[in-house]
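Trainee: Quick one, upload.pdb (PDB, C-alpha atoms):
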ATOM      1  CA  MET O   1     -17.070 -10.985  30.510
ATOM      2  CA  LEU O   2     -18.558  -8.136  32.541
ATOM      3  CA  SER O   3     -18.634  -4.634  31.071
ATOM      4  CA  GLU O   4     -19.550  -1.193  32.380
ATOM      5  CA  LYS O   5     -19.423   2.208  30.695
ATOM      6  CA  TYR O   6     -19.049   5.664  32.256
ATOM      7  CA  GLU O   7     -19.122   9.142  30.698
ATOM      8  CA  VAL O   8     -16.700  11.960  31.590
ATOM      9  CA  ALA O   9     -17.428  15.614  30.744
ATOM     10  CA  ARG O  10     -14.889  18.252  29.749
ATOM     11  CA  ASP O  11     -13.821  20.719  32.483
ATOM     12  CA  ASP O  12     -16.095  19.018  35.034
ATOM     13  CA  TYR O  13     -13.692  19.590  37.915
ATOM     14  CA  ALA O  14     -16.405  19.351  40.564
ATOM     15  CA  ASN O  15     -17.219  15.758  39.702
ATOM     16  CA  ALA O  16     -13.688  14.609  38.941
ATOM     17  CA  GLY O  17     -13.065  11.351  40.743
ATOM     18  CA  ARG O  18     -16.704  10.268  40.720
ATOM     19  CA  VAL O  19     -16.207   7.651  38.016
ATOM     20  CA  SER O  20     -13.100   6.352  39.763
ATOM     21  CA  SER O  21     -15.102   5.947  42.972
ATOM     22  CA  GLN O  22     -17.855   4.107  41.079
ATOM     23  CA  VAL O  23     -15.323   1.818  39.414
ATOM     24  CA  LYS O  24     -13.683   1.079  42.753
ATOM     25  CA  GLN O  25     -17.029   0.333  44.427
ATOM     26  CA  TYR O  26     -18.140  -1.906  41.570
ATOM     27  CA  LEU O  27     -14.905  -3.911  41.584
ATOM     28  CA  SER O  28     -14.983  -4.121  45.361
ATOM     29  CA  SER O  29     -18.459  -5.689  45.130
ATOM     30  CA  LEU O  30     -16.960  -8.325  42.813
ATOM     31  CA  GLY O  31     -14.446  -9.228  45.514
ATOM     32  CA  VAL O  32     -11.290  -7.722  43.957
ATOM     33  CA  SER O  33      -8.476  -7.541  46.548
ATOM     34  CA  SER O  34      -7.706  -4.223  48.250
ATOM     35  CA  ASP O  35      -4.167  -4.111  46.841
ATOM     36  CA  VAL O  36      -5.412  -4.350  43.258
ATOM     37  CA  LEU O  37      -8.267  -1.948  44.031
ATOM     38  CA  ARG O  38      -5.832   0.695  45.258
ATOM     39  CA  ARG O  39      -3.724   0.436  42.112
ATOM     40  CA  ILE O  40      -6.812   0.671  39.935
ATOM     41  CA  ALA O  41      -8.059   3.687  41.930
ATOM     42  CA  VAL O  42      -4.788   5.569  41.348
ATOM     43  CA  ALA O  43      -4.723   4.795  37.616
ATOM     44  CA  CYS O  44      -8.417   5.445  37.047
ATOM     45  CA  TYR O  45      -8.328   8.761  38.885
ATOM     46  CA  GLU O  46      -5.308  10.012  36.950
ATOM     47  CA  ALA O  47      -6.827   9.018  33.617
ATOM     48  CA  GLU O  48     -10.205  10.499  34.545
ATOM     49  CA  ILE O  49      -8.518  13.779  35.486
ATOM     50  CA  ASN O  50      -6.629  13.789  32.189
ATOM     51  CA  MET O  51      -9.914  13.501  30.295
ATOM     52  CA  ILE O  52     -11.294  16.476  32.208
ATOM     53  CA  ILE O  53      -8.357  18.895  32.186
ATOM     54  CA  HIS O  54      -6.609  17.974  28.915
ATOM     55  CA  ALA O  55      -9.239  16.384  26.695
ATOM     56  CA  TRP O  56     -12.739  17.363  25.640
ATOM     57  CA  GLY O  57     -14.351  14.617  27.667
ATOM     58  CA  GLY O  58     -14.998  11.034  26.640
ATOM     59  CA  ALA O  59     -15.943   7.622  27.926
ATOM     60  CA  ILE O  60     -14.465   4.997  30.198
ATOM     61  CA  ASN O  61     -15.090   1.319  29.527
ATOM     62  CA  LEU O  62     -14.499  -1.251  32.214
ATOM     63  CA  ASN O  63     -14.156  -4.906  31.236
ATOM     64  CA  VAL O  64     -13.607  -7.828  33.549
ATOM     65  CA  THR O  65     -12.503 -10.776  31.426
ATOM     66  CA  ASP O  66     -13.154 -14.427  32.194
ATOM     67  CA  ASP O  67      -9.421 -15.084  32.532
ATOM     68  CA  GLY O  68      -8.990 -12.616  35.391
ATOM     69  CA  VAL O  69      -7.936  -9.344  33.794
ATOM     70  CA  ILE O  70      -9.537  -6.027  34.653
ATOM     71  CA  GLN O  71      -9.272  -3.777  31.647
ATOM     72  CA  LEU O  72      -9.987  -0.046  31.582
ATOM     73  CA  ILE O  73     -10.244   1.824  28.290
ATOM     74  CA  PHE O  74     -10.246   5.632  28.388
ATOM     75  CA  LYS O  75     -11.314   7.034  25.037
ATOM     76  CA  ASP O  76     -11.519  10.803  24.649
ATOM     77  CA  VAL O  77     -12.584  12.938  21.703
ATOM     78  CA  GLY O  78      -9.489  15.071  21.297
ATOM     79  CA  PRO O  79      -7.400  17.128  20.860
ATOM     80  CA  GLY O  80      -4.757  14.392  21.196
ATOM     81  CA  ILE O  81      -1.261  14.357  22.706
ATOM     82  CA  THR O  82       1.300  15.926  20.371
ATOM     83  CA  ASP O  83       4.344  14.304  21.946
ATOM     84  CA  LEU O  84       3.666  11.007  23.725
ATOM     85  CA  GLU O  85       7.293  10.551  24.741
ATOM     86  CA  LYS O  86       7.299  13.857  26.603
ATOM     87  CA  ALA O  87       3.885  13.124  28.108
ATOM     88  CA  LEU O  88       5.380   9.986  29.659
ATOM     89  CA  THR O  89       8.300  11.943  31.165
ATOM     90  CA  PRO O  90       7.964  12.563  34.925
ATOM     91  CA  GLY O  91       7.301  16.225  35.677
ATOM     92  CA  TRP O  92       6.377  17.259  32.132
ATOM     93  CA  SER O  93       2.925  18.860  31.881
ATOM     94  CA  THR O  94       0.840  21.055  29.607
ATOM     95  CA  ALA O  95      -1.782  21.789  32.272
ATOM     96  CA  SER O  96      -3.239  25.303  32.344
ATOM     97  CA  GLU O  97      -2.550  27.779  35.143
ATOM     98  CA  GLU O  98      -6.106  27.225  36.370
ATOM     99  CA  ALA O  99      -5.585  23.476  36.573
ATOM    100  CA  ARG O 100      -2.248  23.951  38.345
ATOM    101  CA  SER O 101      -3.843  26.228  40.927
ATOM    102  CA  PHE O 102      -6.036  23.273  41.922
ATOM    103  CA  GLY O 103      -2.999  21.059  42.401
ATOM    104  CA  PHE O 104      -3.177  19.325  39.020
ATOM    105  CA  GLY O 105      -0.405  19.404  36.452
ATOM    106  CA  ALA O 106       2.363  17.723  38.454
ATOM    107  CA  GLY O 107       3.353  15.895  35.300
ATOM    108  CA  MET O 108       2.931  12.562  37.073
ATOM    109  CA  GLY O 109      -0.413  11.384  35.691
ATOM    110  CA  LEU O 110       0.626   8.985  32.932
ATOM    111  CA  VAL O 111       3.765   8.100  34.891
ATOM    112  CA  ASN O 112       1.676   6.991  37.865
ATOM    113  CA  ILE O 113      -0.724   5.071  35.612
ATOM    114  CA  LYS O 114       2.092   3.166  33.932
ATOM    115  CA  ARG O 115       3.757   2.387  37.262
ATOM    116  CA  VAL O 116       0.694   0.823  38.899
ATOM    117  CA  SER O 117      -0.758  -1.064  35.923
ATOM    118  CA  ASP O 118       0.194  -4.503  34.604
ATOM    119  CA  GLU O 119      -0.614  -3.622  30.991
ATOM    120  CA  PHE O 120      -0.319  -0.164  29.449
ATOM    121  CA  ASP O 121      -1.014   1.033  25.928
ATOM    122  CA  ILE O 122      -1.686   4.510  24.598
ATOM    123  CA  VAL O 123      -2.425   5.760  21.099
ATOM    124  CA  SER O 124      -3.153   9.358  20.204
ATOM    125  CA  SER O 125      -4.105  11.480  17.218
ATOM    126  CA  GLU O 126      -5.962  14.748  16.671
ATOM    127  CA  GLU O 127      -9.197  12.755  16.823
ATOM    128  CA  GLY O 128      -8.458  11.711  20.374
ATOM    129  CA  THR O 129      -6.466   9.542  22.728
ATOM    130  CA  THR O 130      -7.180   5.972  23.752
ATOM    131  CA  LEU O 131      -5.490   4.685  26.859
ATOM    132  CA  THR O 132      -5.864   0.979  27.624
ATOM    133  CA  ILE O 133      -4.639  -0.440  30.911
ATOM    134  CA  GLY O 134      -4.954  -3.860  32.459
ATOM    135  CA  PHE O 135      -4.672  -5.382  35.913
ATOM    136  CA  LYS O 136      -4.208  -9.064  36.607
ATOM    137  CA  VAL O 137      -6.306 -10.281  39.487
ATOM    138  CA  SER O 138      -5.244 -13.909  39.542
TER     139      SER O 138
ATOM    140  CA  MET T 139      -4.650   6.406  67.364
ATOM    141  CA  LYS T 140      -8.128   7.363  66.145
ATOM    142  CA  VAL T 141      -9.013  10.515  64.225
ATOM    143  CA  LYS T 142     -11.069  11.754  67.191
ATOM    144  CA  ASP T 143      -7.997  11.478  69.444
ATOM    145  CA  LEU T 144      -6.036  13.768  67.123
ATOM    146  CA  VAL T 145      -8.684  16.454  67.348
ATOM    147  CA  GLU T 146      -8.795  16.263  71.143
ATOM    148  CA  ILE T 147      -5.034  16.410  71.558
ATOM    149  CA  ASN T 148      -4.443  19.350  69.256
ATOM    150  CA  ASN T 149      -7.573  21.473  69.685
ATOM    151  CA  TRP T 150      -7.957  21.590  65.941
ATOM    152  CA  LYS T 151     -11.280  22.696  64.501
ATOM    153  CA  LEU T 152     -13.473  19.774  63.550
ATOM    154  CA  LEU T 153     -15.464  20.742  60.441
ATOM    155  CA  ASN T 154     -17.827  17.751  60.433
ATOM    156  CA  GLU T 155     -18.755  14.727  62.495
ATOM    157  CA  ASN T 156     -19.381  11.248  61.155
ATOM    158  CA  GLU T 157     -18.208   7.640  61.533
ATOM    159  CA  GLY T 158     -14.799   8.685  60.211
ATOM    160  CA  LEU T 159     -13.930   9.873  63.724
ATOM    161  CA  ASN T 160     -13.249   6.236  64.601
ATOM    162  CA  ARG T 161     -10.840   5.622  61.736
ATOM    163  CA  ASP T 162      -7.285   4.644  62.669
ATOM    164  CA  VAL T 163      -4.586   7.177  61.763
ATOM    165  CA  LYS T 164      -1.524   5.503  60.296
ATOM    166  CA  GLY T 165       1.142   8.059  59.509
ATOM    167  CA  ALA T 166       0.723  11.398  57.785
ATOM    168  CA  PHE T 167       1.315  12.846  54.354
ATOM    169  CA  VAL T 168       1.963  16.482  53.436
ATOM    170  CA  GLY T 169       1.271  17.465  49.826
ATOM    171  CA  ASP T 170      -0.620  19.825  47.533
ATOM    172  CA  LEU T 171       0.133  18.315  44.124
ATOM    173  CA  LEU T 172      -2.693  15.834  43.682
ATOM    174  CA  SER T 173      -0.845  13.378  41.437
ATOM    175  CA  PHE T 174       2.024  13.287  43.895
ATOM    176  CA  VAL T 175      -0.401  12.643  46.727
ATOM    177  CA  MET T 176      -2.192   9.918  44.738
ATOM    178  CA  GLY T 177       1.080   8.284  43.825
ATOM    179  CA  ASN T 178       2.739   8.375  47.226
ATOM    180  CA  GLY T 179       0.129   8.573  49.988
ATOM    181  CA  GLU T 180      -0.642   5.453  51.992
ATOM    182  CA  PRO T 181      -3.977   4.158  53.311
ATOM    183  CA  GLY T 182      -4.680   5.489  56.792
ATOM    184  CA  ASN T 183      -2.546   8.611  56.393
ATOM    185  CA  ALA T 184      -3.727  11.913  57.828
ATOM    186  CA  TRP T 185      -3.364  14.231  54.817
ATOM    187  CA  ILE T 186      -2.098  17.740  55.447
ATOM    188  CA  THR T 187      -2.803  20.183  52.620
ATOM    189  CA  ILE T 188      -3.688  23.758  51.684
ATOM    190  CA  GLN T 189      -5.745  22.586  48.692
ATOM    191  CA  ALA T 190      -9.407  23.198  49.504
ATOM    192  CA  HIS T 191     -11.748  22.112  46.701
ATOM    193  CA  LEU T 192     -14.026  19.182  45.919
ATOM    194  CA  ASN T 193     -11.380  17.125  44.219
ATOM    195  CA  VAL T 194      -9.417  16.812  47.411
ATOM    196  CA  ILE T 195     -12.280  14.777  48.894
ATOM    197  CA  ALA T 196     -12.127  12.389  45.929
ATOM    198  CA  VAL T 197      -8.384  11.938  46.303
ATOM    199  CA  ALA T 198      -8.688  11.257  50.031
ATOM    200  CA  MET T 199     -11.372   8.626  49.475
ATOM    201  CA  LEU T 200      -9.612   6.880  46.625
ATOM    202  CA  ARG T 201      -6.345   6.818  48.568
ATOM    203  CA  GLU T 202      -8.212   5.733  51.725
ATOM    204  CA  PHE T 203      -6.804   8.493  53.929
ATOM    205  CA  SER T 204      -8.044   8.616  57.523
ATOM    206  CA  CYS T 205      -8.773  12.361  57.472
ATOM    207  CA  ILE T 206      -7.774  15.665  55.876
ATOM    208  CA  ILE T 207      -6.146  18.481  57.847
ATOM    209  CA  PHE T 208      -6.487  21.806  56.045
ATOM    210  CA  VAL T 209      -3.726  24.159  57.121
ATOM    211  CA  ASP T 210      -2.944  27.881  56.952
ATOM    212  CA  GLY T 211      -6.661  28.602  57.317
ATOM    213  CA  ALA T 212      -7.594  27.105  53.934
ATOM    214  CA  ASN T 213     -11.250  27.881  53.251
ATOM    215  CA  VAL T 214     -13.374  24.723  53.252
ATOM    216  CA  THR T 215     -16.798  25.073  51.597
ATOM    217  CA  GLU T 216     -20.152  23.602  52.643
ATOM    218  CA  GLU T 217     -20.148  21.613  49.409
ATOM    219  CA  MET T 218     -16.890  19.967  50.446
ATOM    220  CA  ILE T 219     -18.277  19.158  53.887
ATOM    221  CA  ASP T 220     -21.417  17.620  52.333
ATOM    222  CA  ARG T 221     -19.319  15.460  49.997
ATOM    223  CA  ALA T 222     -17.060  14.398  52.876
ATOM    224  CA  ASN T 223     -20.078  13.397  54.964
ATOM    225  CA  GLU T 224     -21.338  11.234  52.101
ATOM    226  CA  GLU T 225     -18.032   9.376  52.370
ATOM    227  CA  ASN T 226     -17.723   9.401  56.180
ATOM    228  CA  LEU T 227     -14.522  11.414  55.882
ATOM    229  CA  ILE T 228     -13.459  13.787  58.651
ATOM    230  CA  LEU T 229     -12.247  17.285  57.758
ATOM    231  CA  ILE T 230     -10.097  19.234  60.211
ATOM    232  CA  GLN T 231      -8.985  22.841  59.981
ATOM    233  CA  SER T 232      -5.960  24.514  61.488
ATOM    234  CA  ASP T 233      -4.605  28.061  61.234
ATOM    235  CA  SER T 234      -1.098  26.676  61.689
ATOM    236  CA  SER T 235       1.319  25.861  58.876
ATOM    237  CA  ALA T 236       1.799  22.388  57.385
ATOM    238  CA  TYR T 237       5.156  22.255  59.167
ATOM    239  CA  GLU T 238       3.648  23.007  62.576
ATOM    240  CA  CYS T 239       0.839  20.494  62.059
ATOM    241  CA  ALA T 240       3.329  17.823  61.019
ATOM    242  CA  ILE T 241       5.282  18.438  64.230
ATOM    243  CA  LYS T 242       2.102  18.077  66.283
ATOM    244  CA  LEU T 243       1.333  14.760  64.582
ATOM    245  CA  TYR T 244       4.868  13.576  65.188
ATOM    246  CA  ASN T 245       4.644  14.542  68.853
ATOM    247  CA  ALA T 246       1.365  12.614  69.078
ATOM    248  CA  ASN T 247       3.266   9.503  67.910
ATOM    249  CA  VAL T 248       1.477   9.385  64.561
TER     250      VAL T 248
END
Before we go any further, please render this structure as structure tokens.
Mentor:
Amino acid sequence: MLSEKYEVARDDYANAGRVSSQVKQYLSSLGVSSDVLRRIAVACYEAEINMIIHAWGGAINLNVTDDGVIQLIFKDVGPGITDLEKALTPGWSTASEEARSFGFGAGMGLVNIKRVSDEFDIVSSEEGTTLTIGFKVS
Amino acid sequence: MKVKDLVEINNWKLLNENEGLNRDVKGAFVGDLLSFVMGNGEPGNAWITIQAHLNVIAVAMLREFSCIIFVDGANVTEEMIDRANEENLILIQSDSSAYECAIKLYNANV
């Protein structure tokens, strides 16, 4: 199994998307197909943005398993999602006015992630949120 | 149609020059909500937007857009241009509205 780890800082709008680009480049170098790469790019970007605008930063772990699954684990350090059901409702958002002025906060982040991924799991508490998604490559 | 052809046809202001000028333009997408753009844009699209900040460059690269057309005179910074050049992405500026730019793209058979 191959593993990579990336750090994401709170409120780091300027660098948002950098990790997603790195993940995409890394997986491209492994020969992952463009269709799968595009789905991963969408999901990774949305989750990275969530860590920056909603959470207090965290880490992203990328695992490529021997049986052909690309797994991404986004683990932030809080403050957690109070209502997961609402967070998974299209159009529902708690983004700040500042974030909305930049075009974030459409309420489509988790919805998009769930739509493009083959496996989706999210757990949240005040200590933080862990989002695990998987993509089958074979 | 290539990105460079679009610029020539419409007299839009080219904000940078790199290899992205030779990218093929396949359709266009108008949008300012980044998640909506990420979820619905297609590779090769020319992206029309009023959002002018660094994150737009990241979205365009991840979604594999052919270029970005900033409309209504949106103010593009040097930092954005530098980041776009790192990615060979062409940035175009127009004082026209998104609607008018979309019409021009349509008339150019995009």
Trainee: Taking only C-alpha atoms into account, what are the residues of chain O at most 12 Å from chain T, put as a VMD selection string?
Mentor: chain O and resid 12 to 25 34 to 35 37 to 50 90 to 91 93 99 to 116
Trainee: I'd like the interatomic distance between atom CA of Asp11 of chain O and atom CA of Thr82 of chain O, to a tenth of an Å.
Mentor: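 Between atom CA of Asp11 of chain O and atom CA of Thr82 of chain O the gap works out to 20.0 Å.
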Trainee: Suppose a student applies the PyMOL selection byres ((chain T and resi 231) around 8) to this structure; what residues should they get, written as an NGL selection string?
Mentor: :T and (150-153 or 207-209 or 211-212 or 229-230 or 232-233)
Trainee: Can you turn the PyMOL selection byres ((chain T and resi 156) around 8) into a concrete residue list for this file, as a PyMOL selection string?
Mentor: chain T and resi 154-155+157-159+223+226-228
Trainee: What is the atom CA of Ser3 of chain O to atom CA of Arg221 of chain T distance in Å?
Mentor: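 Separation between atom CA of Ser3 of chain O and atom CA of Arg221 of chain T: 27.6 Å.
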Trainee: What is the atom CA of Phe74 of chain O-atom CA of Trp185 of chain T distance in Å, reported with one decimal?
Mentor: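 Straight-line distance from atom CA of Phe74 of chain O to atom CA of Trp185 of chain T works out to 28.6 Å.
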Trainee: Can you pull out the residues contacting Leu131 of chain O? Cut-off 8 Å, using all atoms listed in the file, and skip same-chain residues under 5 positions away; I want them as a list in words.
Mentor: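 These residues fall inside the cut-off: Ile73, Phe74, Lys75, Phe120, Asp121, Ile122 and Val123 of chain O.
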Trainee: Would you export the selected residues with C-alpha atoms as a PDB file, keeping the file's coordinate frame, please?
Mentor:
ATOM      1  CA  ILE O  73     -10.244   1.824  28.290  1.00  0.00           C
ATOM      2  CA  PHE O  74     -10.246   5.632  28.388  1.00  0.00           C
ATOM      3  CA  LYS O  75     -11.314   7.034  25.037  1.00  0.00           C
ATOM      4  CA  PHE O 120      -0.319  -0.164  29.449  1.00  0.00           C
ATOM      5  CA  ASP O 121      -1.014   1.033  25.928  1.00  0.00           C
ATOM      6  CA  ILE O 122      -1.686   4.510  24.598  1.00  0.00           C
ATOM      7  CA  VAL O 123      -2.425   5.760  21.099  1.00  0.00           C
TER       8      VAL O 123
END
Trainee: Identify which of the residues O:Ala9, O:Ser28, O:Ser124, O:Thr132 lies closest to Glu85 of chain O, counting all atoms listed in the file when measuring atom-to-atom distances.
Mentor: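 Under the stated criterion, the closest residue is O:Ser124.
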Trainee: Find the spatial neighbours of Trp56 of chain O, counting all atoms listed in the file, within a cut-off of 12 Å - ignore same-chain residues fewer than 2 positions away - and output them as a CSV table (one decimal) with C-alpha atoms, keeping the file's coordinate frame.
Mentor:
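See part-v6.csv below for the written result:
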chain,number,residue,atom,x,y,z
O,7,GLU,CA,-19.1,9.1,30.7
O,8,VAL,CA,-16.7,12.0,31.6
O,9,ALA,CA,-17.4,15.6,30.7
O,10,ARG,CA,-14.9,18.3,29.7
O,11,ASP,CA,-13.8,20.7,32.5
O,12,ASP,CA,-16.1,19.0,35.0
O,48,GLU,CA,-10.2,10.5,34.5
O,49,ILE,CA,-8.5,13.8,35.5
O,50,ASN,CA,-6.6,13.8,32.2
O,51,MET,CA,-9.9,13.5,30.3
O,52,ILE,CA,-11.3,16.5,32.2
O,53,ILE,CA,-8.4,18.9,32.2
O,54,HIS,CA,-6.6,18.0,28.9
O,58,GLY,CA,-15.0,11.0,26.6
O,59,ALA,CA,-15.9,7.6,27.9
O,75,LYS,CA,-11.3,7.0,25.0
O,76,ASP,CA,-11.5,10.8,24.6
O,77,VAL,CA,-12.6,12.9,21.7
O,78,GLY,CA,-9.5,15.1,21.3
O,79,PRO,CA,-7.4,17.1,20.9
O,80,GLY,CA,-4.8,14.4,21.2
O,126,GLU,CA,-6.0,14.7,16.7
O,127,GLU,CA,-9.2,12.8,16.8
O,128,GLY,CA,-8.5,11.7,20.4
O,129,THR,CA,-6.5,9.5,22.7
Trainee: Any chance you could work out the residue set of the PyMOL selection byres ((chain O and resi 134) around 6) here, as a list in words?
Mentor: Ile70, Gln71, Asp118, Glu119, Ile133 and Phe135 of chain O
Trainee: Box in all listed atoms of segment 192-205 of chain T, axis-aligned, with 5 Å more on each side; write out centre and edge lengths in Å to one decimal as lines of an AutoDock Vina configuration file.
Mentor:
center_x = -10.2
center_y = 12.5
center_z = 50.9
size_x = 17.7
size_y = 23.4
size_z = 23.3
Trainee: So, with all atoms listed in the file as the atoms that count, which of T:Ser234, T:Val248, T:Ala222, T:Ile241 lies closest to Val141 of chain T?
Mentor: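 Of T:Ser234, T:Val248, T:Ala222, T:Ile241, the one nearest Val141 of chain T, counting all atoms listed in the file, is T:Val248.
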Trainee: Compare O:Gly68, O:Met1, O:Leu88, O:Glu97 by their minimum atom-to-atom distance to Gly31 of chain O, counting only C-alpha atoms, and give me the closest one.
Mentor: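 With only C-alpha atoms as the atom set, the closest residue is O:Gly68.
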Trainee: Of the candidates O:Leu2, O:Val137, O:Leu30, O:Ala87, which shows the shortest atom-to-atom distance to Val64 of chain O, using only C-alpha atoms?
Mentor: O:Leu2
Trainee: Taking into account all atoms listed in the file, which residue in the set O:Ile81, O:Tyr26, O:Lys136, O:Ser117 is nearest to Asp66 of chain O?
Mentor: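 Once distances to Asp66 of chain O are computed over all atoms listed in the file, the minimum belongs to O:Lys136.
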